[in-house]
Each structure stands twice: as C-alpha cells, then as structure tokens.
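Here is coords.tsv, consisting of TSV, C-alpha atoms:
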chain	number	residue	atom	x	y	z
E	1	MET	CA	-21.55	37.36	39.03
E	2	LYS	CA	-24.03	36.11	41.59
E	3	TYR	CA	-24.13	32.67	39.92
E	4	LEU	CA	-20.36	32.51	39.71
E	5	PHE	CA	-20.14	32.87	43.49
E	6	PHE	CA	-22.60	29.99	44.05
E	7	ILE	CA	-20.77	27.77	41.56
E	8	PHE	CA	-17.44	28.58	43.22
E	9	PHE	CA	-18.92	27.91	46.68
E	10	PHE	CA	-20.41	24.59	45.49
E	11	VAL	CA	-17.12	23.44	43.92
E	12	ILE	CA	-15.08	24.35	47.02
E	13	ASN	CA	-17.59	22.67	49.34
E	14	PHE	CA	-17.72	19.50	47.22
E	15	ALA	CA	-13.95	19.33	46.80
E	16	SER	CA	-13.32	19.69	50.52
E	17	ARG	CA	-15.67	16.77	51.28
E	18	ASP	CA	-14.05	14.50	48.73
E	19	VAL	CA	-10.44	15.17	49.73
E	20	SER	CA	-10.70	15.17	53.50
E	21	ALA	CA	-10.75	11.82	55.19
E	22	LYS	CA	-11.60	11.33	58.83
E	23	LEU	CA	-8.31	11.99	60.59
E	24	GLN	CA	-6.91	9.63	63.18
E	25	PRO	CA	-4.11	10.39	65.62
E	26	THR	CA	-0.63	9.23	64.63
E	27	SER	CA	0.26	8.49	68.25
E	28	SER	CA	-1.29	8.27	71.68
E	29	THR	CA	-0.18	7.60	75.25
E	30	LEU	CA	-1.53	5.85	78.31
E	31	ASN	CA	0.65	6.83	81.24
E	32	ASN	CA	0.14	6.20	84.95
E	33	GLU	CA	2.02	4.73	87.91
E	34	GLY	CA	1.37	1.15	86.77
E	35	MET	CA	2.06	1.50	83.05
E	36	CYS	CA	3.72	3.73	80.50
E	37	ARG	CA	2.51	3.19	76.94
E	38	LEU	CA	3.22	4.95	73.67
E	39	ASP	CA	1.22	3.82	70.63
E	40	ILE	CA	2.49	4.92	67.22
E	41	TYR	CA	0.38	4.31	64.11
E	42	HIS	CA	1.15	3.99	60.41
E	43	LEU	CA	-2.04	5.12	58.69
E	44	THR	CA	-3.43	4.26	55.27
E	45	LYS	CA	-6.51	5.62	53.57
E	46	SER	CA	-9.36	3.10	53.35
E	47	GLN	CA	-11.98	2.74	50.63
E	48	GLN	CA	-14.44	4.44	53.01
E	49	ASN	CA	-12.29	7.59	52.83
E	50	THR	CA	-11.03	7.26	56.39
E	51	PHE	CA	-7.53	6.74	57.73
E	52	VAL	CA	-7.02	3.40	59.44
E	53	PRO	CA	-3.96	1.96	61.20
E	54	ASP	CA	-1.98	-0.35	58.94
E	55	LEU	CA	0.70	-1.05	61.54
E	56	GLN	CA	0.58	-0.17	65.23
E	57	ILE	CA	3.64	-0.08	67.46
E	58	ALA	CA	3.08	-0.22	71.22
E	59	VAL	CA	6.10	0.72	73.36
E	60	ILE	CA	5.14	-0.51	76.84
E	61	THR	CA	6.44	-0.68	80.39
E	62	ASN	CA	4.60	-2.67	83.03
E	63	ASN	CA	5.86	-0.78	86.06
E	64	THR	CA	4.41	-3.22	88.61
E	65	MET	CA	6.00	-6.31	87.01
E	66	ARG	CA	9.13	-4.39	85.89
E	67	HIS	CA	8.79	-5.48	82.31
E	68	ARG	CA	9.35	-3.47	79.12
E	69	TYR	CA	8.80	-4.43	75.48
E	70	VAL	CA	7.75	-3.27	72.00
E	71	ASP	CA	4.67	-4.96	70.49
E	72	LEU	CA	3.48	-4.75	66.90
E	73	LYS	CA	-0.01	-5.25	65.47
E	74	THR	CA	-1.18	-5.40	61.85
E	75	ASP	CA	-3.96	-7.01	59.83
E	76	ILE	CA	-4.59	-10.74	59.74
E	77	ASP	CA	-3.19	-11.06	56.18
E	78	HIS	CA	0.39	-10.38	57.30
E	79	PRO	CA	2.55	-13.51	56.96
E	80	THR	CA	3.42	-15.30	60.19
E	81	GLY	CA	6.93	-16.25	61.26
E	82	PHE	CA	10.16	-14.35	61.76
E	83	GLU	CA	10.83	-11.07	59.95
E	84	ASN	CA	13.77	-8.69	60.12
E	85	ILE	CA	12.57	-5.12	60.41
E	86	HIS	CA	15.01	-2.31	59.65
E	87	TYR	CA	14.82	1.03	61.44
E	88	TYR	CA	15.64	3.90	59.07
E	89	ARG	CA	16.57	7.47	59.90
E	90	SER	CA	16.55	9.98	57.02
E	91	GLY	CA	16.74	7.19	54.47
E	92	SER	CA	19.67	5.38	56.08
E	93	PRO	CA	19.48	2.11	58.04
E	94	VAL	CA	20.29	2.50	61.71
E	95	GLU	CA	19.26	-0.73	63.47
E	96	VAL	CA	17.69	-4.13	62.75
E	97	PHE	CA	15.04	-5.75	64.92
E	98	THR	CA	13.38	-9.15	64.56
E	99	ALA	CA	9.69	-9.83	65.08
E	100	ASN	CA	8.06	-13.24	65.37
E	101	TRP	CA	4.63	-12.69	63.80
E	102	ARG	CA	1.71	-14.86	64.89
E	103	ASN	CA	-2.03	-14.72	64.35
E	104	ASN	CA	-4.02	-13.41	67.28
E	105	GLY	CA	-7.43	-14.94	66.70
E	106	ASN	CA	-8.90	-14.01	63.34
E	107	LYS	CA	-8.50	-10.21	63.39
E	108	HIS	CA	-4.82	-9.35	63.80
E	109	THR	CA	-1.27	-10.54	63.40
E	110	VAL	CA	0.96	-9.55	66.31
E	111	GLY	CA	4.67	-9.63	67.03
E	112	ARG	CA	7.25	-8.45	69.54
E	113	PHE	CA	10.61	-6.82	68.84
E	114	VAL	CA	13.91	-8.39	69.82
E	115	MET	CA	17.32	-7.32	68.56
E	116	LEU	CA	18.59	-9.12	65.47
E	117	GLY	CA	20.34	-12.24	66.75
E	118	GLY	CA	19.10	-11.66	70.29
E	119	THR	CA	16.31	-12.85	72.55
E	120	SER	CA	15.80	-9.90	74.91
E	121	ASP	CA	12.68	-7.84	74.40
E	122	ARG	CA	13.99	-5.50	77.13
E	123	GLN	CA	17.11	-4.72	75.09
E	124	ALA	CA	14.94	-4.09	72.02
E	125	PHE	CA	12.78	-1.72	74.10
E	126	ASP	CA	15.83	0.23	75.29
E	127	VAL	CA	17.27	0.59	71.78
E	128	PHE	CA	13.93	1.38	70.13
E	129	ALA	CA	12.90	3.94	72.76
E	130	THR	CA	16.29	5.67	72.45
E	131	LEU	CA	15.98	5.82	68.65
E	132	VAL	CA	12.44	7.22	68.82
E	133	LYS	CA	13.63	9.84	71.32
E	134	GLU	CA	16.57	10.84	69.12
E	135	ASP	CA	14.34	11.07	66.05
E	136	ARG	CA	11.53	12.87	67.89
E	137	GLY	CA	9.02	10.27	66.74
E	138	HIS	CA	9.81	10.59	63.01
E	139	PHE	CA	11.24	7.38	61.53
E	140	GLU	CA	10.68	4.61	59.01
E	141	LEU	CA	10.51	0.84	59.35
E	142	ARG	CA	11.13	-1.51	56.44
E	143	GLY	CA	10.48	-5.21	56.26
E	144	ASN	CA	9.37	-7.75	53.65
E	145	LYS	CA	9.18	-5.19	50.85
E	146	LYS	CA	6.96	-2.83	52.88
E	147	LYS	CA	7.78	0.65	54.15
E	148	TYR	CA	6.09	2.25	57.12
E	149	ARG	CA	6.66	5.93	57.93
E	150	PHE	CA	5.82	7.10	61.42
E	151	ASN	CA	5.25	10.63	62.69
E	152	ALA	CA	4.45	10.45	66.37
E	153	LYS	CA	3.52	13.65	68.13
E	154	GLU	CA	6.60	14.96	69.87
E	155	GLN	CA	4.57	15.70	73.01
E	156	ASP	CA	3.45	12.05	73.19
E	157	VAL	CA	7.07	10.89	72.97
E	158	THR	CA	8.09	13.37	75.68
E	159	ASP	CA	5.19	12.36	77.96
E	160	PHE	CA	6.00	8.66	77.54
E	161	LEU	CA	9.69	9.10	78.29
E	162	SER	CA	8.85	11.25	81.32
E	163	CYS	CA	6.52	8.50	82.59
E	164	VAL	CA	9.24	5.88	82.14
E	165	LYS	CA	11.75	8.07	83.99
E	166	ASN	CA	9.37	8.76	86.87
E	167	HIS	CA	7.63	5.41	87.33
E	168	TYR	CA	9.67	2.55	85.85
E	169	ARG	CA	12.26	0.90	88.10
E	170	PRO	CA	14.38	-1.78	86.37
How does this structure look as structure tokens?
Amino acid sequence: MKYLFFIFFFVINFASRDVSAKLQPTSSTLNNEGMCRLDIYHLTKSQQNTFVPDLQIAVITNNTMRHRYVDLKTDIDHPTGFENIHYYRSGSPVEVFTANWRNNGNKHTVGRFVMLGGTSDRQAFDVFATLVKEDRGHFELRGNKKKYRFNAKEQDVTDFLSCVKNHYRP
C-alpha cells in the first residue's frame, strides 16, 4: 500500500507538469488620462509547452490627440495586403471589418481595422468596441480560413470602457 501511494503521487506529479503550460493573460489594459488601451490575445500552445499570442488586438484611444483605432498584430508569416475579417457572435456573423496587413520589420505583421467598404478607423473602433462590450469580451474573428476565439476578462473590458468614458473627448 505504501508503494501504491508513491506511484500514485509520482504519476499525478508527472501528469500535472506535462499538461500545464505557462499561462498567459487573455487580455490586459493600460489606462490613464492620456491613453485607454485594451489588448486582447488569441493564444496557441507552442512547442515549448507555453501559450503564446497568435493574434493580438489592441483597441486604443489617444486621448491627447483625440484619435481612436483598432490595431492587429500577428506573426511575420501572415500574408500582407487586404483581408476581410468577420466578427462572429455565438457562431453567427455580425459585422465585417477590413485590415490592410503589412510587415513591421522582420518580426510581425500588423494591420488596422476599418469597416468593410469604408476608410474610417474611428468608425471601426466605435463598432468594434460596442460589439466587445455587448459580448463581454467573448467573440470570434474569422478571416482567410483562420478562426480566432477571444475571451477577454470582463473586468478589463469594463475598465477600458470606463477609461474611454472618463478621459476620451471626441
């Protein structure tokens, strides 16, 4: 019986090491009088058994310059050019944004949301922020045969929207 306990303890200890990857936050905020920023991450598990961001969405207001926009960042292998990105809620399409992807040096590919057929990143910010608020940070984006599910912390969404309400003046 004594040996059975040690074997059980060894198996549980080994299994917990193998399964658990280093956790990363699914969202974060940087809020102050000059800027309101909500970062939302789509995470994938790497070969090193850690979670790494596969796609990062940054919802940003520059309160000093009165500018608002939604930026995207992914790995350098993402194709450049225009891409329509569909916002899904509970498996149903709700809205379509367009991003113009471009390489940012040799590490990342970045883009900025505008509405499909539009040119205003401010309008895209307003629509996207409203959708994220309505969905409490839980949504899916689809584009170019890829799906990204996001689960932002509800408190981060609330803190960001509170910052925008208190500090951003259009």
Take CA of Ala58 in chain E and CA of Tyr41 in chain E and report the distance between them in Å, one decimal.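 The value is 8.9 Å.
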Need to verify the contact set: Gln155 in chain E, 10 Å, all atoms listed in the file, exclusion of same-chain residues closer than 4 positions in sequence. Can you return it as a PyMOL selection string? chain E and resi 27-29+136-137+159-161
Pick from E:Ala99, E:Val94, E:Val110, E:Leu72, whichever lies nearest to Ile40 in chain E using only C-alpha atoms: E:Leu72
Which residue is closest to Leu30 in chain E? Choose from E:Glu83, E:Asp135, E:Asn151, E:Ile60 and count only C-alpha atoms. E:Ile60
Within 8 Å of Phe97 in chain E, counting all atoms listed in the file, which residues show up once you throw out same-chain ones fewer than 6 positions away? Write them as a PyMOL selection string, please. chain E and resi 84-87+113-116+124
Residue selection dump (C-alpha atoms) as an mmCIF file, in the frame of the given file:
data_model
loop_
_atom_site.group_PDB
_atom_site.id
_atom_site.type_symbol
_atom_site.label_atom_id
_atom_site.label_comp_id
_atom_site.auth_asym_id
_atom_site.auth_seq_id
_atom_site.Cartn_x
_atom_site.Cartn_y
_atom_site.Cartn_z
ATOM 1 C CA ASN E 84 13.770 -8.690 60.120
ATOM 2 C CA ILE E 85 12.570 -5.120 60.410
ATOM 3 C CA HIS E 86 15.010 -2.310 59.650
ATOM 4 C CA TYR E 87 14.820 1.030 61.440
ATOM 5 C CA PHE E 113 10.610 -6.820 68.840
ATOM 6 C CA VAL E 114 13.910 -8.390 69.820
ATOM 7 C CA MET E 115 17.320 -7.320 68.560
ATOM 8 C CA LEU E 116 18.590 -9.120 65.470
ATOM 9 C CA ALA E 124 14.940 -4.090 72.020
#
Provide range 58-93 of chain E rebuilt to N, CA and C atoms, formatted as a PDB file, in the frame of the given file.
ATOM      1  N   ALA E  58       3.363  -0.543  69.827  1.00  0.00           N
ATOM      2  CA  ALA E  58       3.080  -0.220  71.220  1.00  0.00           C
ATOM      3  C   ALA E  58       4.376  -0.384  72.015  1.00  0.00           C
ATOM      4  N   VAL E  59       4.893   0.722  72.531  1.00  0.00           N
ATOM      5  CA  VAL E  59       6.100   0.720  73.360  1.00  0.00           C
ATOM      6  C   VAL E  59       5.592   0.769  74.805  1.00  0.00           C
ATOM      7  N   ILE E  60       5.843  -0.315  75.568  1.00  0.00           N
ATOM      8  CA  ILE E  60       5.140  -0.510  76.840  1.00  0.00           C
ATOM      9  C   ILE E  60       6.100  -0.832  77.975  1.00  0.00           C
ATOM     10  N   THR E  61       5.819  -0.226  79.146  1.00  0.00           N
ATOM     11  CA  THR E  61       6.440  -0.680  80.390  1.00  0.00           C
ATOM     12  C   THR E  61       5.320  -1.092  81.331  1.00  0.00           C
ATOM     13  N   ASN E  62       5.479  -2.242  81.955  1.00  0.00           N
ATOM     14  CA  ASN E  62       4.600  -2.670  83.030  1.00  0.00           C
ATOM     15  C   ASN E  62       5.379  -2.369  84.301  1.00  0.00           C
ATOM     16  N   ASN E  63       5.064  -1.263  84.937  1.00  0.00           N
ATOM     17  CA  ASN E  63       5.860  -0.780  86.060  1.00  0.00           C
ATOM     18  C   ASN E  63       5.741  -1.685  87.285  1.00  0.00           C
ATOM     19  N   THR E  64       4.608  -2.336  87.467  1.00  0.00           N
ATOM     20  CA  THR E  64       4.410  -3.220  88.610  1.00  0.00           C
ATOM     21  C   THR E  64       5.259  -4.479  88.468  1.00  0.00           C
ATOM     22  N   MET E  65       5.258  -5.066  87.253  1.00  0.00           N
ATOM     23  CA  MET E  65       6.000  -6.310  87.010  1.00  0.00           C
ATOM     24  C   MET E  65       7.432  -6.054  86.542  1.00  0.00           C
ATOM     25  N   ARG E  66       7.796  -4.791  86.356  1.00  0.00           N
ATOM     26  CA  ARG E  66       9.130  -4.390  85.890  1.00  0.00           C
ATOM     27  C   ARG E  66       9.485  -5.034  84.549  1.00  0.00           C
ATOM     28  N   HIS E  67       8.574  -4.903  83.634  1.00  0.00           N
ATOM     29  CA  HIS E  67       8.790  -5.480  82.310  1.00  0.00           C
ATOM     30  C   HIS E  67       8.644  -4.368  81.271  1.00  0.00           C
ATOM     31  N   ARG E  68       9.429  -4.453  80.197  1.00  0.00           N
ATOM     32  CA  ARG E  68       9.350  -3.470  79.120  1.00  0.00           C
ATOM     33  C   ARG E  68       9.529  -4.192  77.783  1.00  0.00           C
ATOM     34  N   TYR E  69       8.783  -3.755  76.770  1.00  0.00           N
ATOM     35  CA  TYR E  69       8.800  -4.430  75.480  1.00  0.00           C
ATOM     36  C   TYR E  69       8.162  -3.554  74.409  1.00  0.00           C
ATOM     37  N   VAL E  70       8.334  -3.969  73.149  1.00  0.00           N
ATOM     38  CA  VAL E  70       7.750  -3.270  72.000  1.00  0.00           C
ATOM     39  C   VAL E  70       6.907  -4.300  71.243  1.00  0.00           C
ATOM     40  N   ASP E  71       5.590  -4.076  71.213  1.00  0.00           N
ATOM     41  CA  ASP E  71       4.670  -4.960  70.490  1.00  0.00           C
ATOM     42  C   ASP E  71       4.260  -4.332  69.173  1.00  0.00           C
ATOM     43  N   LEU E  72       3.926  -5.177  68.216  1.00  0.00           N
ATOM     44  CA  LEU E  72       3.480  -4.750  66.900  1.00  0.00           C
ATOM     45  C   LEU E  72       2.142  -5.405  66.596  1.00  0.00           C
ATOM     46  N   LYS E  73       1.278  -4.685  65.867  1.00  0.00           N
ATOM     47  CA  LYS E  73      -0.010  -5.250  65.470  1.00  0.00           C
ATOM     48  C   LYS E  73      -0.346  -4.778  64.059  1.00  0.00           C
ATOM     49  N   THR E  74      -0.781  -5.717  63.213  1.00  0.00           N
ATOM     50  CA  THR E  74      -1.180  -5.400  61.850  1.00  0.00           C
ATOM     51  C   THR E  74      -2.371  -6.279  61.480  1.00  0.00           C
ATOM     52  N   ASP E  75      -2.781  -6.232  60.217  1.00  0.00           N
ATOM     53  CA  ASP E  75      -3.960  -7.010  59.830  1.00  0.00           C
ATOM     54  C   ASP E  75      -3.655  -8.501  59.753  1.00  0.00           C
ATOM     55  N   ILE E  76      -4.697  -9.291  59.684  1.00  0.00           N
ATOM     56  CA  ILE E  76      -4.590 -10.740  59.740  1.00  0.00           C
ATOM     57  C   ILE E  76      -3.869 -11.315  58.511  1.00  0.00           C
ATOM     58  N   ASP E  77      -3.806 -10.570  57.409  1.00  0.00           N
ATOM     59  CA  ASP E  77      -3.190 -11.060  56.180  1.00  0.00           C
ATOM     60  C   ASP E  77      -1.666 -11.058  56.211  1.00  0.00           C
ATOM     61  N   HIS E  78      -1.076 -10.434  57.215  1.00  0.00           N
ATOM     62  CA  HIS E  78       0.390 -10.380  57.300  1.00  0.00           C
ATOM     63  C   HIS E  78       0.925 -11.790  57.507  1.00  0.00           C
ATOM     64  N   PRO E  79       1.996 -12.157  56.791  1.00  0.00           N
ATOM     65  CA  PRO E  79       2.550 -13.510  56.960  1.00  0.00           C
ATOM     66  C   PRO E  79       3.073 -13.737  58.374  1.00  0.00           C
ATOM     67  N   THR E  80       2.923 -14.954  58.866  1.00  0.00           N
ATOM     68  CA  THR E  80       3.420 -15.300  60.190  1.00  0.00           C
ATOM     69  C   THR E  80       4.875 -15.751  60.084  1.00  0.00           C
ATOM     70  N   GLY E  81       5.542 -15.826  61.225  1.00  0.00           N
ATOM     71  CA  GLY E  81       6.930 -16.250  61.260  1.00  0.00           C
ATOM     72  C   GLY E  81       7.864 -15.096  61.546  1.00  0.00           C
ATOM     73  N   PHE E  82       9.148 -15.359  61.439  1.00  0.00           N
ATOM     74  CA  PHE E  82      10.160 -14.350  61.760  1.00  0.00           C
ATOM     75  C   PHE E  82      10.357 -13.382  60.602  1.00  0.00           C
ATOM     76  N   GLU E  83      10.577 -12.124  60.951  1.00  0.00           N
ATOM     77  CA  GLU E  83      10.830 -11.070  59.950  1.00  0.00           C
ATOM     78  C   GLU E  83      11.836 -10.089  60.528  1.00  0.00           C
ATOM     79  N   ASN E  84      12.846  -9.749  59.739  1.00  0.00           N
ATOM     80  CA  ASN E  84      13.770  -8.690  60.120  1.00  0.00           C
ATOM     81  C   ASN E  84      13.180  -7.362  59.706  1.00  0.00           C
ATOM     82  N   ILE E  85      13.151  -6.435  60.642  1.00  0.00           N
ATOM     83  CA  ILE E  85      12.570  -5.120  60.410  1.00  0.00           C
ATOM     84  C   ILE E  85      13.669  -4.085  60.637  1.00  0.00           C
ATOM     85  N   HIS E  86      13.940  -3.297  59.614  1.00  0.00           N
ATOM     86  CA  HIS E  86      15.010  -2.310  59.650  1.00  0.00           C
ATOM     87  C   HIS E  86      14.461  -0.953  60.061  1.00  0.00           C
ATOM     88  N   TYR E  87      15.146  -0.324  60.992  1.00  0.00           N
ATOM     89  CA  TYR E  87      14.820   1.030  61.440  1.00  0.00           C
ATOM     90  C   TYR E  87      15.646   1.999  60.609  1.00  0.00           C
ATOM     91  N   TYR E  88      14.962   2.929  59.929  1.00  0.00           N
ATOM     92  CA  TYR E  88      15.640   3.900  59.070  1.00  0.00           C
ATOM     93  C   TYR E  88      15.482   5.305  59.644  1.00  0.00           C
ATOM     94  N   ARG E  89      16.552   6.056  59.519  1.00  0.00           N
ATOM     95  CA  ARG E  89      16.570   7.470  59.900  1.00  0.00           C
ATOM     96  C   ARG E  89      17.031   8.245  58.672  1.00  0.00           C
ATOM     97  N   SER E  90      16.207   9.148  58.190  1.00  0.00           N
ATOM     98  CA  SER E  90      16.550   9.980  57.020  1.00  0.00           C
ATOM     99  C   SER E  90      17.048   9.151  55.846  1.00  0.00           C
ATOM    100  N   GLY E  91      16.401   8.019  55.609  1.00  0.00           N
ATOM    101  CA  GLY E  91      16.740   7.190  54.470  1.00  0.00           C
ATOM    102  C   GLY E  91      17.907   6.247  54.655  1.00  0.00           C
ATOM    103  N   SER E  92      18.526   6.256  55.828  1.00  0.00           N
ATOM    104  CA  SER E  92      19.670   5.380  56.080  1.00  0.00           C
ATOM    105  C   SER E  92      19.335   4.370  57.174  1.00  0.00           C
ATOM    106  N   PRO E  93      19.753   3.112  56.994  1.00  0.00           N
ATOM    107  CA  PRO E  93      19.480   2.110  58.040  1.00  0.00           C
ATOM    108  C   PRO E  93      20.290   2.402  59.295  1.00  0.00           C
TER     109      PRO E  93
END
